[in-house]
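Asker: Below you will find the structure I want to go over with you.
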Amino acid sequence: MEIKQLDVLVVGGGPAGLAAAVELYRKGIKDILVVEREKHLGGILRQCIHDGFGLTRFGSTMSGPEYAERFIHEAREMGIPCIVNAAVTEITNDKVVTVVTRDGIRKYQAKAVVLAMGCRERTRGALAIPGERPAGVFTAGVAQAYMNLYNRMPAKEVVILGSGDIGMIMARRLTLEGAHVKAVFEIQPYPSGLPRNIEQCLKDYGIPLYLSRTVTNVHGDVRLQGVTVSEVDEHMRPIPGTEKYYECDTLILSVGLIPENELSIDAGVQLDGRTRGARVNEFFETNVPGIFSAGNVLHVHDLVDFVSLEAESLADAAAEYVQEGRLPACPIEIVYDKNVNHTVPMAVSGTRPFRISMRVNRPMKDVRVVLRQDGREVASKKMKKAIPAEMIQFTVDAEKLEGSGKLEVSVE
Amino acid sequence: MEELFDVIVIGGGVVGCAIARELSRYKLRIGVLEKNPDVGYETSARNTGVCHGGFAYDPGTLKARMCVEGNKEMGRLSEELDFKFRRCGKVLVGNTEEERARLLEVIRQGEMNGASGLRMIEKEELHRLVPSVLGEFALLSENSGIIDPFMMTIALAENAVHNGAEFFLQREVEAIRRDEEGNWVITARTWPFGGKVSHAERESGEQASVKAEASGGRNPVSGDQESAGQAPGTVREEFRTRWVVNSAGLSCGKISDMLGIKGYKIIYSKDDYIILDNRLGSMVPMPIYTVPSNTYMGIHVTVTTDGNVLLGPTAEDIDKPSGYGVEQKNIDYLYDAAMAIWPHVKRGDYIRTYCGILPKWVDEKGVIQDFKIEIRDDIAPRAVNLVGMESPALTGAPAIARYVVGMMLEREEFPENADFDPVRKGIPKFSELPEEEQERLIAMDADFGELVCRCQKVTKAEILAAIRNPLGAQTMVAVKYRTRAMMGRCQGGYCQMRIAEMLEQETGARPEEITYARQGSNIFYGKVREA
């Protein structure tokens with residue numbers, strides 16, 4: 001089979017992939033190809049018909065499809081080749097990419113590969129929620145796709161498990177389309193989605209949010225008839241005697257997103273135990289030289305604007321990689337204390353300014369995020385509140401670093 | 001047109017489908033009545049899929065004999081019918097001297113049953129064969145294996161259809177009587193959009209009257225349609241037949257009573273399982289069992305033909321089949337028990353949980369009995385009664401089918417079906433084919449170049465072929481079992497919308513008529529907006 005040579009192959013035509021492709025083109029890397037498995041570009045944004053995208057990146061808010069259209073339009077203007085309805089089935093560690101299309105199987109040898117596959121939703125099975133297995137249990141994104149892309153109404157009486165952003169957005173959407181959302185239950189003692197969604201999607205519609213509760217049984221032989229909800233203790237174990245039955249025909253799950261890295265694993269890319277995305281350096285390069293990763297496949301973001309910005313940073317580095325054939329080594333490892341859930345990147349070169357993206361493990365007030373090298377403070381950021389739902393970012397001046405001693409992020 | 005069926009098989013589980021296929025070697029009018037919207041919906045689909053070696057059953061029992069015979073022919077059958085089977089072996093892992101003695105006893109029993117390839121292996125060999133296991137020694141059963149139980153059942157049914165048998169899905173038997181001529185008259189409840197009651201027929205309002213005319217032997221029962229509390233469109237039909245086979249699995253006791261063979265006591269064993277990601281398959285090259293007691297095989301770690309690791313079963317006795325719910329305590333217990341022999345279980349690898357129920361025939365004291373396969377010429381002539389078809393009925397199915405037909409042939413001569421074709425070809429599995437073969441398929445049909453299910457790499461062509469299956473099963477689960485679409489780590493998060501859409505397009509159903517599985521498992525309440 002003929003193997004076509006390329007500078008960069010971008011896996012995924014969602015917000016991350018499109019932003020990376022457009023920025024690569026701007027940097028003069030024009031021999032690129034975006035491969036998208038769906039029939040249209042835009043990724044998950046296509047089904048996000050609510051408002052609120054673009055404030056950071058474009059300075060005005062718009063719907064998901066409108067946000068995507070900005071990048072699709074640019075890519076089109078530039079004439080960036082994109083193939084849709086095309087599934088990448090394999091990426092090798094020497095960057096040979098296999099794509100299945102209706103016209104046959106194609107193979108590409110790329111100088112650099114951009115992983116931009118996004119994420120998938122955690123399912124009921126992954127949580128092992130006990131009970132029967134009736135129809136009427138949907139992840140929030142599936143319900144959103146059914147309603148917004150397929151014009152199918154999946155629910156009437158609804159209970160939502162998990163206070164993730166998509167779950168809250170679906171609470172509002174379902175309510176607007178005539179369903180009755182009884183309540184949202186969150187197993188953690190704090191909400192997992194953004195404060196603005198709690199206000200705009202739950203409070204404005206009188207939908208109660210109960211914390212430290214989870215679904216402990218699912219009832220219904222064929223279609224869901226109800227769920228049992230229990231309070232949980234500080235170890236998130238259900239407390240016997242606290243069970244309450246809620247009659248409903250639909251259970252919506254918004255219980256977490258998982259970066260979709262099966263292709264990355266096959267390419268030999270090492271994943272991080274916390275983010276479940278690739279371990280990358282400040283250039284968004286993985287352990288496999290020339291394979292880069294950004295957006296929700298790297299770590300789950302709360303705002304698409306940051307996905308685009310991250311992918312644009314990736315593109316700058318990937319362009320340099322293609323042009324120079326290499327990027328500076330990144331010997332300085334980043335570690336963190338117990339209050340931090342994860343950081344991206346996991347290592348830096350120490351030769352250029354870099355940005356750290358991170359999340360805290362639990363809600364905290366009046367804190368300082370501090371970056372130290374060998375006990376010496378090199379950057380800090382004061383925050384009135386830090387919550388797990390909101391990604392924290394700060395930029396570090398490389399001149400403050402000395403040698404290749406580890407960097408430690410702490411929240412105090 | 002011929003009025004009468006020669007044989008009606010009640011129950012489209014693996015045994016019923018194997019019997020239908022075996023009968024299709026003869027020139028007979030064969031019907032299979034299945035209450036669910038597809039074959040293999042209950043016990044046949046909800047098990048470990050292990051092809052047993054035949055050492056675990058008391059010598060001289062039908063269980064032992066059927067298992068050993070079925071095991072021997074599984075390779076040939078899987079090739080004829082194109083379903084997955086791997087003779088990978090199986091280990092029963094032990095640690096103490098008592099357990100060693102028990103395993104030696106099991107080997108002796110197996111040899112008496114005619115099982116071969118049984119031997120003790122020591123730690124070094126055990127860990128070479130199954131590096132991931134904990135244990136000091138093991139019984140290795142070389143001839144044990146793993147079967148795709150969904151596809152085995154479907155393949156048997158499809159081959160039976162190919163050879164002339166008729167399947168009637170969503171037909172729940174309510175009553176059985178005999179007419180003046182001694183034929184069996186079976187009353188079955190049915191409802192639209194299952195089996196051969198097509199959407200088009202319903203739309204035209206013609207329903208059963210047309211069909212009864214079109215196909216002999218079935219008559220609508222008048223004045224009894226749409227009783228209170230039933231699904232709209234429910235009708236009753238009568239099937240007239242010379243022979244009847246009770247292969248009703250969980251409902252065997254009920255059907256046996258209807259045949260006039262009363263008094264069987266059935267208890268049920270409920271088995272909960274956890275399914276793990278199929279990335280782990282290579283870590284379980286063969287099923288891992290512990291040392292069995294006389295009555296319980298213990299928690300095992302097994303692997304499916306598609307590489308998913310299964311933890312289970314819990315084996316709780318219950319009086320009545322009461323739904324397929326899985327309890328939290330069992331999920332926790334399975335984790336702990338599996339970790340004791342296979343310390344690699346991670347919650348992040350959970351795909352889902354499931355539950356299966358086995359029917360067991362017990363005596364007055366509650367002791368589990370052998371399979372019962374009988375013809376009671378005195379009280380129920382020309383009725384084959386199968387009672388307590390639990391494990392190893394999956395392994396034993398082909399042998400059981402031959403045994404059943406043999407009993408019928410002792411009483412009546414059936415003319416051979418000279419056109420019988422034992423071969424059935426399944427839907428090509430795109431993801432498992434070499435690249436040249438994939439290219440050829442795409443060139444032939446571009447739908448093979450469109451991946452619908454990402455996790456399991458299932459193409460549009462495979463899903464369309466599954467929807468157009470010869471049995472007329474038209475649910476989401478029918479597609480799932482036939483293609484593996486929606487069985488992966490995202491559990492249909494990416495593909496289920498597309499599959500529901502294709503199901504609507506192919507069957508002409510309205511959105512609110514699409515079901516996940518059984519009657520009532522509707523997915524939608526209609527459209528969000530009328531366009």
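Order determines the names: the first chain of the structure tokens is A, the second B, and so forth; residues in each chain are numbered 1 upward, and ligands are numbered 1 upward as they are shown.
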Which residues in stretch 304-450 of chain B does DSSP call strand (DSSP E or B)? List them as a PyMOL selection string.
Answerer: chain B and resi 309-312+316-318+326+350-362+368+372-375+383-387+416
Asker: How close does chain A get to chain B? List, as CSV, each residue of chain A within 8 Å, its nearest atom pair and the distance in Å to one decimal, counting only C-alpha atoms.
Answerer:
```
residue,atom,partner,partner_atom,distance
A:Arg37,CA,B:Leu451,CA,7.9
A:Asn85,CA,B:Glu450,CA,6.7
A:Ala86,CA,B:Glu450,CA,7.1
A:Ala87,CA,B:Leu451,CA,6.5
A:Val100,CA,B:Gly449,CA,5.7
A:Thr101,CA,B:Gly449,CA,4.7
A:Arg102,CA,B:Gly449,CA,4.1
A:Asp103,CA,B:Ala446,CA,6.7
A:Gly104,CA,B:Glu439,CA,5.8
A:Ile105,CA,B:Glu439,CA,6.3
A:Arg120,CA,B:Cys490,CA,6.8
A:Glu121,CA,B:Cys490,CA,6.9
A:Arg122,CA,B:Cys490,CA,7.3
A:Thr123,CA,B:Cys490,CA,6.7
A:Arg124,CA,B:Arg352,CA,7.1
A:Gly125,CA,B:Arg352,CA,3.5
A:Ala126,CA,B:Tyr350,CA,4.8
A:Leu127,CA,B:Tyr350,CA,7.4
A:Ala128,CA,B:Arg352,CA,6.1
A:Ile129,CA,B:Gln328,CA,7.5
A:Pro130,CA,B:Glu327,CA,5.1
A:Gly131,CA,B:Gly325,CA,4.2
A:Glu132,CA,B:Gly325,CA,3.8
A:Arg133,CA,B:Gly325,CA,6.9
A:Pro134,CA,B:Ser521,CA,6.6
A:Ala135,CA,B:Ser521,CA,5.3
A:Gly136,CA,B:Ile523,CA,6.3
A:Thr139,CA,B:Gly493,CA,7.4
A:Gly141,CA,B:Gly493,CA,7.6
A:Val142,CA,B:Gly493,CA,5.8
A:Ala145,CA,B:Met497,CA,7.4
A:Tyr146,CA,B:Met497,CA,6.4
A:Met147,CA,B:Val528,CA,6.4
A:Tyr150,CA,B:Met497,CA,7.5
A:Asn151,CA,B:Val528,CA,5.2
A:Arg152,CA,B:Lys527,CA,4.4
A:Met153,CA,B:Val528,CA,4.8
A:Pro154,CA,B:Phe524,CA,4.4
A:Ala155,CA,B:Tyr525,CA,6.7
A:Lys156,CA,B:Tyr525,CA,7.8
A:Glu177,CA,B:Val528,CA,7.0
A:Thr216,CA,B:Gln328,CA,7.7
A:Asn217,CA,B:Glu327,CA,7.9
A:Val218,CA,B:Gly325,CA,8.0
A:Asp221,CA,B:Gly323,CA,6.4
A:Val222,CA,B:Ser521,CA,4.4
A:Arg223,CA,B:Ser521,CA,4.7
```
Asker: Skip A:Arg376 itself and residues of its chain fewer than 3 positions away, then list as a list in words all residues within 10 Å of it, counting only C-alpha atoms.
Answerer: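 Counting only the stated atoms, we get Val370, Leu371, Arg372, Gln373, Ala379, Lys400, Leu401, Leu407 and Glu408 of chain A.
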Asker: Can you list, as a ChimeraX atom specification, every protein, DNA or RNA residue that comes within 8 Å of B:Glu462 when you count only C-alpha atoms, leaving out same-chain residues fewer than 5 positions away?
Answerer: /B:427-430,448,483
Asker: Using only C-alpha atoms, which protein or nucleic acid residues come within 10 Å of B:Gly94? Drop anything in the same chain fewer than 3 positions from it, and give the result as a compact mmCIF listing (two decimals) with all heavy atoms, in the first residue's frame.
Answerer:
```
# COMPACT_ATOMS: atom_id res chain seq x y z
N VAL B 91 -7.72 -23.63 33.90
CA VAL B 91 -7.04 -24.11 35.11
C VAL B 91 -7.92 -23.96 36.34
O VAL B 91 -8.66 -22.99 36.47
CB VAL B 91 -5.69 -23.37 35.36
CG1 VAL B 91 -4.61 -23.88 34.42
CG2 VAL B 91 -5.84 -21.86 35.26
N GLU B 97 -2.89 -28.92 50.49
CA GLU B 97 -2.87 -30.36 50.20
C GLU B 97 -4.29 -30.92 50.07
O GLU B 97 -4.55 -31.81 49.28
CB GLU B 97 -2.06 -31.12 51.25
CG GLU B 97 -0.54 -30.99 51.04
CD GLU B 97 -0.09 -31.22 49.59
OE1 GLU B 97 -0.36 -32.31 49.04
OE2 GLU B 97 0.51 -30.30 48.98
N GLU B 98 -5.19 -30.37 50.87
CA GLU B 98 -6.60 -30.79 50.75
C GLU B 98 -7.12 -30.49 49.36
O GLU B 98 -7.85 -31.28 48.76
CB GLU B 98 -7.46 -30.02 51.76
CG GLU B 98 -7.54 -30.64 53.13
CD GLU B 98 -8.10 -29.64 54.13
OE1 GLU B 98 -7.58 -28.51 54.17
OE2 GLU B 98 -9.06 -29.98 54.84
N GLU B 99 -6.75 -29.32 48.88
CA GLU B 99 -7.21 -28.93 47.54
C GLU B 99 -6.59 -29.81 46.47
O GLU B 99 -7.23 -30.17 45.48
CB GLU B 99 -6.90 -27.44 47.28
CG GLU B 99 -7.79 -26.52 48.10
CD GLU B 99 -7.46 -25.04 47.93
OE1 GLU B 99 -6.29 -24.71 47.61
OE2 GLU B 99 -8.36 -24.23 48.13
N ARG B 100 -5.35 -30.19 46.68
CA ARG B 100 -4.70 -31.08 45.72
C ARG B 100 -5.45 -32.42 45.66
O ARG B 100 -5.73 -32.94 44.58
CB ARG B 100 -3.23 -31.32 46.11
CG ARG B 100 -2.47 -32.16 45.09
CD ARG B 100 -1.08 -32.50 45.58
NE ARG B 100 -0.21 -31.34 45.67
CZ ARG B 100 0.53 -30.86 44.67
NH1 ARG B 100 0.50 -31.46 43.49
NH2 ARG B 100 1.30 -29.81 44.83
N ALA B 101 -5.80 -32.93 46.84
CA ALA B 101 -6.52 -34.21 46.89
C ALA B 101 -7.87 -34.08 46.17
O ALA B 101 -8.30 -34.97 45.43
CB ALA B 101 -6.73 -34.62 48.34
N ARG B 102 -8.50 -32.95 46.38
CA ARG B 102 -9.81 -32.72 45.75
C ARG B 102 -9.66 -32.66 44.22
O ARG B 102 -10.47 -33.21 43.48
CB ARG B 102 -10.39 -31.41 46.30
CG ARG B 102 -11.66 -30.93 45.66
CD ARG B 102 -12.90 -31.72 46.09
NE ARG B 102 -14.05 -31.32 45.27
CZ ARG B 102 -14.76 -32.13 44.51
NH1 ARG B 102 -14.49 -33.43 44.50
NH2 ARG B 102 -15.75 -31.69 43.78
N LEU B 103 -8.60 -32.01 43.75
CA LEU B 103 -8.39 -31.90 42.30
C LEU B 103 -8.10 -33.28 41.70
O LEU B 103 -8.57 -33.59 40.59
CB LEU B 103 -7.24 -30.93 42.00
CG LEU B 103 -7.56 -29.44 42.24
CD1 LEU B 103 -6.32 -28.58 41.95
CD2 LEU B 103 -8.73 -28.97 41.38
N GLU B 122 2.29 -28.12 38.12
CA GLU B 122 2.88 -27.48 39.29
C GLU B 122 3.08 -25.99 39.02
O GLU B 122 2.86 -25.50 37.91
CB GLU B 122 4.20 -28.17 39.66
CG GLU B 122 4.00 -29.63 40.09
CD GLU B 122 2.96 -29.81 41.20
OE1 GLU B 122 2.96 -29.02 42.17
OE2 GLU B 122 2.15 -30.74 41.09
N LYS B 123 3.53 -25.31 40.05
CA LYS B 123 3.59 -23.85 40.04
C LYS B 123 4.28 -23.29 38.79
O LYS B 123 3.77 -22.36 38.15
CB LYS B 123 4.33 -23.38 41.29
CG LYS B 123 4.18 -21.90 41.56
CD LYS B 123 4.73 -21.54 42.93
CE LYS B 123 4.47 -20.08 43.22
NZ LYS B 123 4.90 -19.71 44.59
N LEU B 134 -2.47 -16.24 40.88
CA LEU B 134 -1.88 -16.62 42.16
C LEU B 134 -2.23 -18.08 42.41
O LEU B 134 -3.36 -18.49 42.17
CB LEU B 134 -2.47 -15.79 43.29
CG LEU B 134 -2.17 -14.29 43.32
CD1 LEU B 134 -2.84 -13.66 44.54
CD2 LEU B 134 -0.66 -14.06 43.38
N GLY B 135 -1.29 -18.87 42.88
CA GLY B 135 -1.61 -20.26 43.18
C GLY B 135 -0.37 -21.13 43.11
O GLY B 135 0.60 -20.79 42.43
N GLU B 136 -0.43 -22.28 43.80
CA GLU B 136 0.73 -23.17 43.92
C GLU B 136 0.73 -24.26 42.86
O GLU B 136 1.77 -24.72 42.43
CB GLU B 136 0.74 -23.81 45.31
CG GLU B 136 1.02 -22.83 46.45
CD GLU B 136 2.38 -22.15 46.31
OE1 GLU B 136 3.39 -22.84 46.09
OE2 GLU B 136 2.43 -20.89 46.40
N PHE B 137 -0.45 -24.71 42.48
CA PHE B 137 -0.56 -25.79 41.49
C PHE B 137 -1.96 -25.69 40.89
O PHE B 137 -2.77 -24.86 41.32
CB PHE B 137 -0.34 -27.15 42.14
CG PHE B 137 -1.21 -27.39 43.34
CD1 PHE B 137 -2.51 -27.87 43.20
CD2 PHE B 137 -0.74 -27.10 44.63
CE1 PHE B 137 -3.32 -28.05 44.31
CE2 PHE B 137 -1.55 -27.28 45.74
CZ PHE B 137 -2.84 -27.76 45.59
N ALA B 138 -2.23 -26.53 39.91
CA ALA B 138 -3.55 -26.45 39.28
C ALA B 138 -3.89 -27.73 38.56
O ALA B 138 -3.01 -28.51 38.20
CB ALA B 138 -3.60 -25.29 38.29
N LEU B 139 -5.17 -27.91 38.35
CA LEU B 139 -5.63 -28.92 37.41
C LEU B 139 -5.75 -28.19 36.08
O LEU B 139 -6.42 -27.16 35.99
CB LEU B 139 -7.00 -29.44 37.85
CG LEU B 139 -7.61 -30.64 37.12
CD1 LEU B 139 -8.86 -31.11 37.88
CD2 LEU B 139 -7.97 -30.41 35.69
N TYR B 289 -10.16 -20.92 37.45
CA TYR B 289 -11.14 -21.32 38.47
C TYR B 289 -10.39 -21.66 39.76
O TYR B 289 -9.19 -21.91 39.74
CB TYR B 289 -11.91 -22.56 38.02
CG TYR B 289 -13.00 -22.32 37.00
CD1 TYR B 289 -12.72 -21.70 35.78
CD2 TYR B 289 -14.30 -22.73 37.25
CE1 TYR B 289 -13.72 -21.50 34.85
CE2 TYR B 289 -15.32 -22.54 36.31
CZ TYR B 289 -15.02 -21.91 35.12
OH TYR B 289 -16.01 -21.72 34.20
N THR B 290 -11.15 -21.68 40.84
CA THR B 290 -10.60 -22.20 42.08
C THR B 290 -11.01 -23.67 42.20
O THR B 290 -11.63 -24.22 41.30
CB THR B 290 -11.12 -21.40 43.29
OG1 THR B 290 -12.54 -21.38 43.22
CG2 THR B 290 -10.59 -19.99 43.28
N VAL B 291 -10.68 -24.27 43.32
CA VAL B 291 -11.03 -25.68 43.51
C VAL B 291 -12.50 -25.78 43.86
O VAL B 291 -12.96 -25.13 44.81
CB VAL B 291 -10.15 -26.30 44.63
CG1 VAL B 291 -10.55 -27.75 44.87
CG2 VAL B 291 -8.69 -26.19 44.24
N PRO B 292 -13.27 -26.57 43.10
CA PRO B 292 -14.71 -26.60 43.33
C PRO B 292 -15.09 -27.47 44.52
O PRO B 292 -14.41 -28.44 44.83
CB PRO B 292 -15.25 -27.21 42.04
CG PRO B 292 -14.14 -28.07 41.53
CD PRO B 292 -12.86 -27.43 41.99
N ILE B 341 -7.36 -14.60 43.49
CA ILE B 341 -6.68 -15.49 42.54
C ILE B 341 -6.03 -14.74 41.38
O ILE B 341 -5.13 -15.24 40.72
CB ILE B 341 -7.63 -16.59 41.97
CG1 ILE B 341 -8.94 -15.98 41.45
CG2 ILE B 341 -7.88 -17.66 42.99
CD1 ILE B 341 -9.79 -17.00 40.70
```
Asker: Write out as a list in words which residues come within 8 Å of B:Ile499 when counting only C-alpha atoms, dropping same-chain ones fewer than 4 positions away.
Answerer: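 Residues meeting the cut-off are Ile463, Met476, Cys495 and Leu503 of chain B.
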Asker: Could you take the residues named above and write them with all heavy atoms, as a compact mmCIF listing (two decimals), in the first residue's frame?
Answerer:
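Result file is out12.txt:
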```txt
# COMPACT_ATOMS: atom_id res chain seq x y z
N ILE B 463 -23.39 -3.31 10.82
CA ILE B 463 -24.60 -2.96 11.57
C ILE B 463 -25.84 -3.13 10.71
O ILE B 463 -26.85 -3.68 11.16
CB ILE B 463 -24.46 -1.55 12.16
CG1 ILE B 463 -23.46 -1.62 13.32
CG2 ILE B 463 -25.80 -1.00 12.64
CD1 ILE B 463 -22.89 -0.34 13.76
N MET B 476 -32.00 -2.74 19.74
CA MET B 476 -30.63 -2.30 19.87
C MET B 476 -29.73 -3.46 20.31
O MET B 476 -28.61 -3.63 19.83
CB MET B 476 -30.53 -1.17 20.90
CG MET B 476 -31.28 0.09 20.52
SD MET B 476 -30.51 1.00 19.15
CE MET B 476 -29.30 1.96 20.07
N CYS B 495 -21.75 5.63 19.47
CA CYS B 495 -22.43 5.05 18.30
C CYS B 495 -23.91 4.79 18.46
O CYS B 495 -24.59 4.54 17.47
CB CYS B 495 -21.74 3.75 17.89
SG CYS B 495 -21.83 2.45 19.12
N LEU B 503 -31.70 1.82 12.70
CA LEU B 503 -32.79 0.89 13.03
C LEU B 503 -34.13 1.49 12.59
O LEU B 503 -34.98 0.80 12.00
CB LEU B 503 -32.77 0.64 14.54
CG LEU B 503 -33.30 -0.65 15.12
CD1 LEU B 503 -32.76 -1.89 14.43
CD2 LEU B 503 -32.96 -0.71 16.62
```
Asker: Env of A:Lys182: 9 Å cut, atoms = only C-alpha atoms, seq-sep filter 2 positions within chain, self excluded. Answer as a list in words.
Answerer: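 The contact residues come out as Glu157, Val158, Val159, Ile160, His180, Val184, Ile207, Pro208, Tyr246 and Cys248 of chain A.
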Asker: Measure the distance from atom CA of A:Gly13 to atom CA of A:Cys330 in Å and round it to one decimal.
Answerer: 28.8 Å
Asker: Mind pulling up the distance from atom CA of B:Met487 to atom CA of B:Ser282?
Answerer: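 These atoms are spaced 18.1 Å apart.
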Asker: Running DSSP on the backbone, which parts of stretch 324-495 of chain B land in helix (DSSP H, G or I), as a PyMOL selection string?
Answerer: chain B and resi 328-341+347-349+393-409+430-432+435-444+446-449+460-467+476-483
Asker: Using only C-alpha atoms, which residue out of A:Met117, A:Val335, A:Ile239, A:Ile392 lies closest to A:Arg359?
Answerer: A:Ile392
Asker: One decimal, Å: what's the distance from atom CA of B:Ile176 over to atom CA of B:Pro392, could you say?
Answerer: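 About the pair atom CA of B:Ile176 and atom CA of B:Pro392: they are 28.4 Å apart.
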Asker: Using only C-alpha atoms, find the one residue out of B:Val185, B:Leu4, B:Val130, B:Ala20 that sits nearest to B:Thr302.
Answerer: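 Closest to B:Thr302, using only C-alpha atoms: B:Val130.
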Asker: Identify which of the residues A:Val88, A:Val11, A:Ile169, A:Leu174 lies closest to A:Val114, counting only C-alpha atoms when measuring atom-to-atom distances.
Answerer: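 Nearest to A:Val114: A:Val11.
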